[in-house]
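For reference, protein.pdb is printed below; it contains PDB, C-alpha atoms.
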ATOM      1  CA  MET A   1      79.057  59.975  91.518  1.00  0.00           C
ATOM      2  CA  GLU A   2      80.721  58.047  88.697  1.00  0.00           C
ATOM      3  CA  PRO A   3      83.184  55.208  89.425  1.00  0.00           C
ATOM      4  CA  VAL A   4      86.832  56.280  89.237  1.00  0.00           C
ATOM      5  CA  VAL A   5      89.162  53.441  88.264  1.00  0.00           C
ATOM      6  CA  ARG A   6      91.875  54.936  86.052  1.00  0.00           C
ATOM      7  CA  ILE A   7      92.748  58.550  85.270  1.00  0.00           C
ATOM      8  CA  ALA A   8      95.015  59.202  82.303  1.00  0.00           C
ATOM      9  CA  SER A   9      95.687  62.882  81.725  1.00  0.00           C
ATOM     10  CA  ARG A  10      98.120  65.726  81.459  1.00  0.00           C
ATOM     11  CA  THR A  11      98.907  67.525  84.683  1.00  0.00           C
ATOM     12  CA  VAL A  12      98.520  71.119  85.784  1.00  0.00           C
ATOM     13  CA  VAL A  13     101.063  72.197  88.399  1.00  0.00           C
ATOM     14  CA  LEU A  14     100.121  74.588  91.205  1.00  0.00           C
ATOM     15  CA  ALA A  15     103.247  74.432  93.323  1.00  0.00           C
ATOM     16  CA  ALA A  16     102.113  76.656  96.213  1.00  0.00           C
ATOM     17  CA  ASP A  17     102.045  75.062  99.672  1.00  0.00           C
ATOM     18  CA  ASN A  18      99.199  75.486 102.178  1.00  0.00           C
ATOM     19  CA  VAL A  19      96.484  76.175  99.613  1.00  0.00           C
ATOM     20  CA  ASP A  20      93.398  76.457 101.803  1.00  0.00           C
ATOM     21  CA  THR A  21      89.765  75.938 100.929  1.00  0.00           C
ATOM     22  CA  ASP A  22      89.068  79.680 100.795  1.00  0.00           C
ATOM     23  CA  GLN A  23      91.667  79.983  98.053  1.00  0.00           C
ATOM     24  CA  ILE A  24      90.204  76.994  96.236  1.00  0.00           C
ATOM     25  CA  ILE A  25      86.711  78.514  96.317  1.00  0.00           C
ATOM     26  CA  PRO A  26      86.349  81.921  98.051  1.00  0.00           C
ATOM     27  CA  ALA A  27      83.568  82.235 100.627  1.00  0.00           C
ATOM     28  CA  ARG A  28      81.592  84.756  98.571  1.00  0.00           C
ATOM     29  CA  PHE A  29      80.711  81.970  96.120  1.00  0.00           C
ATOM     30  CA  LEU A  30      79.208  79.683  98.780  1.00  0.00           C
ATOM     31  CA  THR A  31      75.662  80.840  98.165  1.00  0.00           C
ATOM     32  CA  GLY A  32      74.096  77.566  97.009  1.00  0.00           C
ATOM     33  CA  THR A  33      73.963  73.846  97.620  1.00  0.00           C
ATOM     34  CA  SER A  34      74.635  72.769  94.045  1.00  0.00           C
ATOM     35  CA  ARG A  35      78.071  72.103  92.609  1.00  0.00           C
ATOM     36  CA  GLU A  36      77.038  73.096  89.097  1.00  0.00           C
ATOM     37  CA  GLY A  37      78.863  76.195  87.918  1.00  0.00           C
ATOM     38  CA  LEU A  38      81.321  76.304  90.832  1.00  0.00           C
ATOM     39  CA  GLY A  39      84.204  75.429  88.512  1.00  0.00           C
ATOM     40  CA  ALA A  40      84.007  78.935  87.044  1.00  0.00           C
ATOM     41  CA  SER A  41      84.974  80.304  90.471  1.00  0.00           C
ATOM     42  CA  LEU A  42      87.777  77.836  91.192  1.00  0.00           C
ATOM     43  CA  PHE A  43      90.837  79.772  92.440  1.00  0.00           C
ATOM     44  CA  ALA A  44      88.889  82.911  91.509  1.00  0.00           C
ATOM     45  CA  ASP A  45      91.197  85.389  93.252  1.00  0.00           C
ATOM     46  CA  TRP A  46      94.255  83.889  91.565  1.00  0.00           C
ATOM     47  CA  ARG A  47      92.773  83.210  88.140  1.00  0.00           C
ATOM     48  CA  ARG A  48      91.371  86.725  87.635  1.00  0.00           C
ATOM     49  CA  ASP A  49      92.514  90.261  88.359  1.00  0.00           C
ATOM     50  CA  GLY A  50      90.450  92.983  90.031  1.00  0.00           C
ATOM     51  CA  ALA A  51      88.695  93.776  86.757  1.00  0.00           C
ATOM     52  CA  GLY A  52      87.692  90.140  86.258  1.00  0.00           C
ATOM     53  CA  ASN A  53      90.196  89.452  83.495  1.00  0.00           C
ATOM     54  CA  LEU A  54      92.064  86.148  83.392  1.00  0.00           C
ATOM     55  CA  ARG A  55      95.678  86.343  84.526  1.00  0.00           C
ATOM     56  CA  PRO A  56      97.638  84.663  81.711  1.00  0.00           C
ATOM     57  CA  GLU A  57     100.482  83.675  84.045  1.00  0.00           C
ATOM     58  CA  PHE A  58      98.247  81.566  86.311  1.00  0.00           C
ATOM     59  CA  PRO A  59      98.751  77.845  85.538  1.00  0.00           C
ATOM     60  CA  LEU A  60      95.071  77.048  84.908  1.00  0.00           C
ATOM     61  CA  ASN A  61      94.817  79.896  82.411  1.00  0.00           C
ATOM     62  CA  GLN A  62      97.603  78.684  80.170  1.00  0.00           C
ATOM     63  CA  PRO A  63      96.594  76.946  76.915  1.00  0.00           C
ATOM     64  CA  GLU A  64      98.345  73.672  77.757  1.00  0.00           C
ATOM     65  CA  ALA A  65      96.191  73.316  80.883  1.00  0.00           C
ATOM     66  CA  ASP A  66      93.005  73.029  78.860  1.00  0.00           C
ATOM     67  CA  GLY A  67      91.379  69.642  79.435  1.00  0.00           C
ATOM     68  CA  ALA A  68      93.868  68.484  82.077  1.00  0.00           C
ATOM     69  CA  ARG A  69      92.224  66.366  84.785  1.00  0.00           C
ATOM     70  CA  ILE A  70      95.073  66.009  87.295  1.00  0.00           C
ATOM     71  CA  LEU A  71      96.163  68.869  89.559  1.00  0.00           C
ATOM     72  CA  VAL A  72      99.648  68.574  91.052  1.00  0.00           C
ATOM     73  CA  ALA A  73      99.640  70.785  94.147  1.00  0.00           C
ATOM     74  CA  GLY A  74     102.046  71.796  96.896  1.00  0.00           C
ATOM     75  CA  ALA A  75     102.091  70.421 100.429  1.00  0.00           C
ATOM     76  CA  ASN A  76      99.159  70.661 102.850  1.00  0.00           C
ATOM     77  CA  PHE A  77      96.607  71.126 100.082  1.00  0.00           C
ATOM     78  CA  GLY A  78      93.009  71.750 101.157  1.00  0.00           C
ATOM     79  CA  CYS A  79      93.756  73.016 104.655  1.00  0.00           C
ATOM     80  CA  GLY A  80      91.487  75.503 106.412  1.00  0.00           C
ATOM     81  CA  SER A  81      87.718  75.241 106.752  1.00  0.00           C
ATOM     82  CA  SER A  82      85.918  72.008 105.931  1.00  0.00           C
ATOM     83  CA  ARG A  83      83.734  73.330 103.116  1.00  0.00           C
ATOM     84  CA  GLU A  84      82.603  70.617 100.715  1.00  0.00           C
ATOM     85  CA  HIS A  85      82.356  73.268  98.003  1.00  0.00           C
ATOM     86  CA  ALA A  86      86.141  72.957  97.519  1.00  0.00           C
ATOM     87  CA  PRO A  87      86.067  69.483  95.930  1.00  0.00           C
ATOM     88  CA  TRP A  88      82.819  70.461  94.213  1.00  0.00           C
ATOM     89  CA  ALA A  89      84.606  73.341  92.475  1.00  0.00           C
ATOM     90  CA  LEU A  90      87.541  71.145  91.473  1.00  0.00           C
ATOM     91  CA  THR A  91      85.367  68.392  89.999  1.00  0.00           C
ATOM     92  CA  ASP A  92      83.014  70.856  88.284  1.00  0.00           C
ATOM     93  CA  TYR A  93      86.057  72.446  86.660  1.00  0.00           C
ATOM     94  CA  GLY A  94      87.090  69.027  85.363  1.00  0.00           C
ATOM     95  CA  PHE A  95      89.686  67.700  87.786  1.00  0.00           C
ATOM     96  CA  ALA A  96      89.508  64.037  88.775  1.00  0.00           C
ATOM     97  CA  ALA A  97      92.523  63.915  91.122  1.00  0.00           C
ATOM     98  CA  VAL A  98      94.797  66.081  93.248  1.00  0.00           C
ATOM     99  CA  VAL A  99      98.393  64.929  93.758  1.00  0.00           C
ATOM    100  CA  SER A 100     100.386  66.298  96.695  1.00  0.00           C
ATOM    101  CA  PRO A 101     102.874  65.147  99.328  1.00  0.00           C
ATOM    102  CA  SER A 102     100.245  65.963 101.981  1.00  0.00           C
ATOM    103  CA  ILE A 103      96.523  66.693 101.813  1.00  0.00           C
ATOM    104  CA  ALA A 104      94.404  67.956 104.707  1.00  0.00           C
ATOM    105  CA  ASP A 105      92.394  65.156 106.323  1.00  0.00           C
ATOM    106  CA  ILE A 106      88.961  66.778 106.145  1.00  0.00           C
ATOM    107  CA  PHE A 107      89.516  67.727 102.517  1.00  0.00           C
ATOM    108  CA  LYS A 108      90.499  64.125 101.728  1.00  0.00           C
ATOM    109  CA  GLY A 109      87.231  62.840 103.179  1.00  0.00           C
ATOM    110  CA  ASN A 110      85.193  65.401 101.263  1.00  0.00           C
ATOM    111  CA  ALA A 111      87.116  64.624  98.076  1.00  0.00           C
ATOM    112  CA  VAL A 112      86.415  60.893  98.218  1.00  0.00           C
ATOM    113  CA  ARG A 113      82.708  61.479  98.860  1.00  0.00           C
ATOM    114  CA  ASN A 114      82.575  63.550  95.677  1.00  0.00           C
ATOM    115  CA  GLY A 115      84.616  61.351  93.353  1.00  0.00           C
ATOM    116  CA  LEU A 116      87.846  63.361  93.536  1.00  0.00           C
ATOM    117  CA  VAL A 117      90.906  61.157  94.144  1.00  0.00           C
ATOM    118  CA  PRO A 118      93.269  62.528  96.839  1.00  0.00           C
ATOM    119  CA  VAL A 119      96.722  61.195  95.950  1.00  0.00           C
ATOM    120  CA  GLU A 120      99.529  61.604  98.487  1.00  0.00           C
ATOM    121  CA  ILE A 121     102.973  60.587  97.230  1.00  0.00           C
ATOM    122  CA  GLU A 122     106.454  60.821  98.669  1.00  0.00           C
ATOM    123  CA  SER A 123     108.482  63.992  98.203  1.00  0.00           C
ATOM    124  CA  GLN A 124     110.957  62.807  95.576  1.00  0.00           C
ATOM    125  CA  ALA A 125     108.223  61.565  93.239  1.00  0.00           C
ATOM    126  CA  HIS A 126     106.274  64.756  93.860  1.00  0.00           C
ATOM    127  CA  GLN A 127     109.271  66.860  92.855  1.00  0.00           C
ATOM    128  CA  ARG A 128     109.465  64.982  89.554  1.00  0.00           C
ATOM    129  CA  LEU A 129     105.869  65.942  88.820  1.00  0.00           C
ATOM    130  CA  LEU A 130     106.410  69.554  89.886  1.00  0.00           C
ATOM    131  CA  SER A 131     109.313  69.834  87.471  1.00  0.00           C
ATOM    132  CA  ARG A 132     107.301  68.467  84.538  1.00  0.00           C
ATOM    133  CA  PRO A 133     104.051  70.435  84.211  1.00  0.00           C
ATOM    134  CA  GLY A 134     101.876  69.035  81.457  1.00  0.00           C
ATOM    135  CA  ALA A 135     103.308  65.538  81.789  1.00  0.00           C
ATOM    136  CA  GLU A 136     101.054  62.671  80.731  1.00  0.00           C
ATOM    137  CA  ILE A 137     100.554  60.396  83.728  1.00  0.00           C
ATOM    138  CA  VAL A 138      98.206  57.620  84.809  1.00  0.00           C
ATOM    139  CA  ILE A 139      96.620  57.172  88.235  1.00  0.00           C
ATOM    140  CA  ALA A 140      95.394  53.635  88.962  1.00  0.00           C
ATOM    141  CA  VAL A 141      93.025  53.761  91.938  1.00  0.00           C
ATOM    142  CA  GLU A 142      92.788  50.052  92.722  1.00  0.00           C
ATOM    143  CA  ALA A 143      96.552  49.483  92.464  1.00  0.00           C
ATOM    144  CA  GLY A 144      97.324  52.753  94.257  1.00  0.00           C
ATOM    145  CA  THR A 145      99.964  53.830  91.744  1.00  0.00           C
ATOM    146  CA  VAL A 146     100.914  56.963  89.819  1.00  0.00           C
ATOM    147  CA  SER A 147     103.078  56.732  86.717  1.00  0.00           C
ATOM    148  CA  LEU A 148     105.956  59.208  86.702  1.00  0.00           C
ATOM    149  CA  PRO A 149     107.464  61.208  83.831  1.00  0.00           C
ATOM    150  CA  GLY A 150     110.545  59.449  82.542  1.00  0.00           C
ATOM    151  CA  GLY A 151     109.450  56.064  83.906  1.00  0.00           C
ATOM    152  CA  GLY A 152     108.649  54.389  87.179  1.00  0.00           C
ATOM    153  CA  THR A 153     105.705  54.699  89.516  1.00  0.00           C
ATOM    154  CA  ALA A 154     104.901  56.135  92.916  1.00  0.00           C
ATOM    155  CA  ARG A 155     102.533  54.491  95.364  1.00  0.00           C
ATOM    156  CA  PHE A 156      99.740  56.120  97.324  1.00  0.00           C
ATOM    157  CA  GLU A 157      97.490  54.791 100.065  1.00  0.00           C
ATOM    158  CA  LEU A 158      93.747  55.043 100.445  1.00  0.00           C
ATOM    159  CA  PRO A 159      91.657  53.576 103.265  1.00  0.00           C
ATOM    160  CA  PRO A 160      89.907  50.418 101.962  1.00  0.00           C
ATOM    161  CA  PHE A 161      86.437  51.923 102.283  1.00  0.00           C
ATOM    162  CA  ALA A 162      87.512  55.115 100.489  1.00  0.00           C
ATOM    163  CA  ARG A 163      88.994  53.040  97.663  1.00  0.00           C
ATOM    164  CA  ARG A 164      85.777  51.036  97.437  1.00  0.00           C
ATOM    165  CA  CYS A 165      83.691  54.213  97.227  1.00  0.00           C
ATOM    166  CA  LEU A 166      85.800  55.576  94.371  1.00  0.00           C
ATOM    167  CA  LEU A 167      85.929  52.310  92.422  1.00  0.00           C
ATOM    168  CA  THR A 168      82.196  51.670  92.695  1.00  0.00           C
ATOM    169  CA  GLY A 169      80.992  55.262  92.523  1.00  0.00           C
ATOM    170  CA  ARG A 170      78.958  54.680  95.677  1.00  0.00           C
ATOM    171  CA  GLY A 171      79.475  56.924  98.686  1.00  0.00           C
ATOM    172  CA  PRO A 172      78.933  56.311 102.416  1.00  0.00           C
ATOM    173  CA  LEU A 173      75.215  57.165 102.196  1.00  0.00           C
ATOM    174  CA  ASP A 174      74.752  54.710  99.330  1.00  0.00           C
ATOM    175  CA  PHE A 175      76.494  52.053 101.423  1.00  0.00           C
ATOM    176  CA  LEU A 176      74.180  52.685 104.373  1.00  0.00           C
ATOM    177  CA  LEU A 177      71.074  52.550 102.193  1.00  0.00           C
ATOM    178  CA  GLU A 178      72.246  49.227 100.777  1.00  0.00           C
ATOM    179  CA  GLN A 179      72.226  47.814 104.298  1.00  0.00           C
ATOM    180  CA  GLY A 180      68.505  48.544 104.688  1.00  0.00           C
ATOM    181  CA  PRO A 181      67.334  44.894 104.370  1.00  0.00           C
ATOM    182  CA  ALA A 182      69.998  43.675 106.808  1.00  0.00           C
ATOM    183  CA  ILE A 183      69.098  46.400 109.317  1.00  0.00           C
ATOM    184  CA  SER A 184      65.384  45.552 109.065  1.00  0.00           C
ATOM    185  CA  ARG A 185      66.142  41.853 109.527  1.00  0.00           C
ATOM    186  CA  TYR A 186      68.259  42.571 112.612  1.00  0.00           C
ATOM    187  CA  GLU A 187      65.574  44.789 114.131  1.00  0.00           C
ATOM    188  CA  ARG A 188      62.954  42.097 113.505  1.00  0.00           C
ATOM    189  CA  GLU A 189      65.118  39.410 115.119  1.00  0.00           C
ATOM    190  CA  MET A 190      65.844  41.590 118.137  1.00  0.00           C
ATOM    191  CA  SER A 191      62.146  42.355 118.522  1.00  0.00           C
ATOM    192  CA  GLU A 192      61.349  38.634 118.472  1.00  0.00           C
ATOM    193  CA  VAL A 193      64.032  37.944 121.086  1.00  0.00           C
ATOM    194  CA  ALA A 194      62.673  40.721 123.301  1.00  0.00           C
ATOM    195  CA  GLY A 195      59.160  39.358 122.869  1.00  0.00           C
ATOM    196  CA  ARG A 196      60.170  35.865 123.909  1.00  0.00           C
ATOM    197  CA  GLY A 197      61.961  37.282 126.925  1.00  0.00           C
ATOM    198  CA  SER A 198      58.956  39.272 128.122  1.00  0.00           C
ATOM    199  CA  SER A 199      56.523  36.369 127.622  1.00  0.00           C
ATOM    200  CA  GLY A 200      58.647  34.149 129.848  1.00  0.00           C
ATOM    201  CA  ALA A 201      59.022  36.665 132.661  1.00  0.00           C
ATOM    202  CA  ALA A 202      57.629  35.766 136.081  1.00  0.00           C
ATOM    203  CA  ASP A 203      54.260  37.257 137.056  1.00  0.00           C
ATOM    204  CA  PRO A 204      55.126  39.924 139.657  1.00  0.00           C
ATOM    205  CA  SER A 205      51.731  39.342 141.374  1.00  0.00           C
TER     206      SER A 205
END
Take the structure from the file and write it as structure tokens.
Amino acid sequence: MEPVVRIASRTVVLAADNVDTDQIIPARFLTGTSREGLGASLFADWRRDGAGNLRPEFPLNQPEADGARILVAGANFGCGSSREHAPWALTDYGFAAVVSPSIADIFKGNAVRNGLVPVEIESQAHQRLLSRPGAEIVIAVEAGTVSLPGGGTARFELPPFARRCLLTGRGPLDFLLEQGPAISRYEREMSEVAGRGSSGAADPS
């Protein structure tokens, strides 16, 4: 994934609470292991009617949403099943961050591993963003701040390792692979210690 340091974008507001992963990407689209093309099915049952036509009233279908990279969502976003396809669909569509007063824990972990910034801010700041769809804001990952329409900032917390992954563009697997030389050195040292111990053991005969 690419490093995520600063996101400057207009917002799209999806104010509904308890948006679960099946609403983000319905189960019928989970037929592959690639994220490519999943953005077309993001919020599929809300974005399109039964005939497959776009619903003009849905926030993502409105002209001002085009190119926006920050989704402002209601509380408890990403609840439900743990499918990693949910952040895949959001990032493939073009989103780089989701801002909410509360984001489901499993979704947050999946988001970070896929370069999507989960931003939890306090309720008053969140209400300011809900009331100003299309606002130009800036999310600074290292500082943990979100600029607010009309001035001021809101803070958000990320675990240190999650912040490191986003800033460097290197996920948990990358981190483990980087430790390969240290792991090999430790195993070699432990083997030498064990060898010295066995060579000094008393002869049972």
From the list A:Gln179, A:Thr11, A:Thr31, A:Gln127, the nearest residue to A:Leu71 using all atoms listed in the file is A:Thr11
Just the residues within 8 Å of A:Asp22, please, counting all atoms listed in the file, with nothing from its chain fewer than 4 positions along; format it as an MDAnalysis selection string.
chainID A and resid 26:27 80:81
Using only C-alpha atoms, what residues lie at most 12 Å away from (107.5, 56.9, 89.6) (file coordinates), given as a VMD selection string? chain A and resid 121 to 129 137 to 139 144 to 156
Tell me which residues come within 12 Å of (89.5, 58.8, 98.5), as a VMD selection string, counting all atoms listed in the file in the file's coordinates.
chain A and resid 3 to 5 87 96 to 99 103 105 to 120 141 to 142 144 156 to 172
Would you mind listing what lies within 12 Å of A:Asp45 as a PyMOL selection string, with all atoms listed in the file counted and same-chain residues fewer than 3 positions away left out? chain A and resi 22-29+40-42+48-55+58
One residue among A:Gly180, A:Gly37, A:Pro101, A:Gly134 is nearest to A:Gly67 when using all atoms listed in the file, and that residue is A:Gly134
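Picture a line from atom CA of A:Glu64 to atom CA of A:Ala89; it runs 20.1 Å.
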Who sits within 12 Å of A:Pro59, all atoms listed in the file, same chain under 3 positions skipped, as a VMD selection string:
chain A and resid 11 to 16 43 46 to 48 54 to 56 62 to 66 68 71 to 73 133 to 134
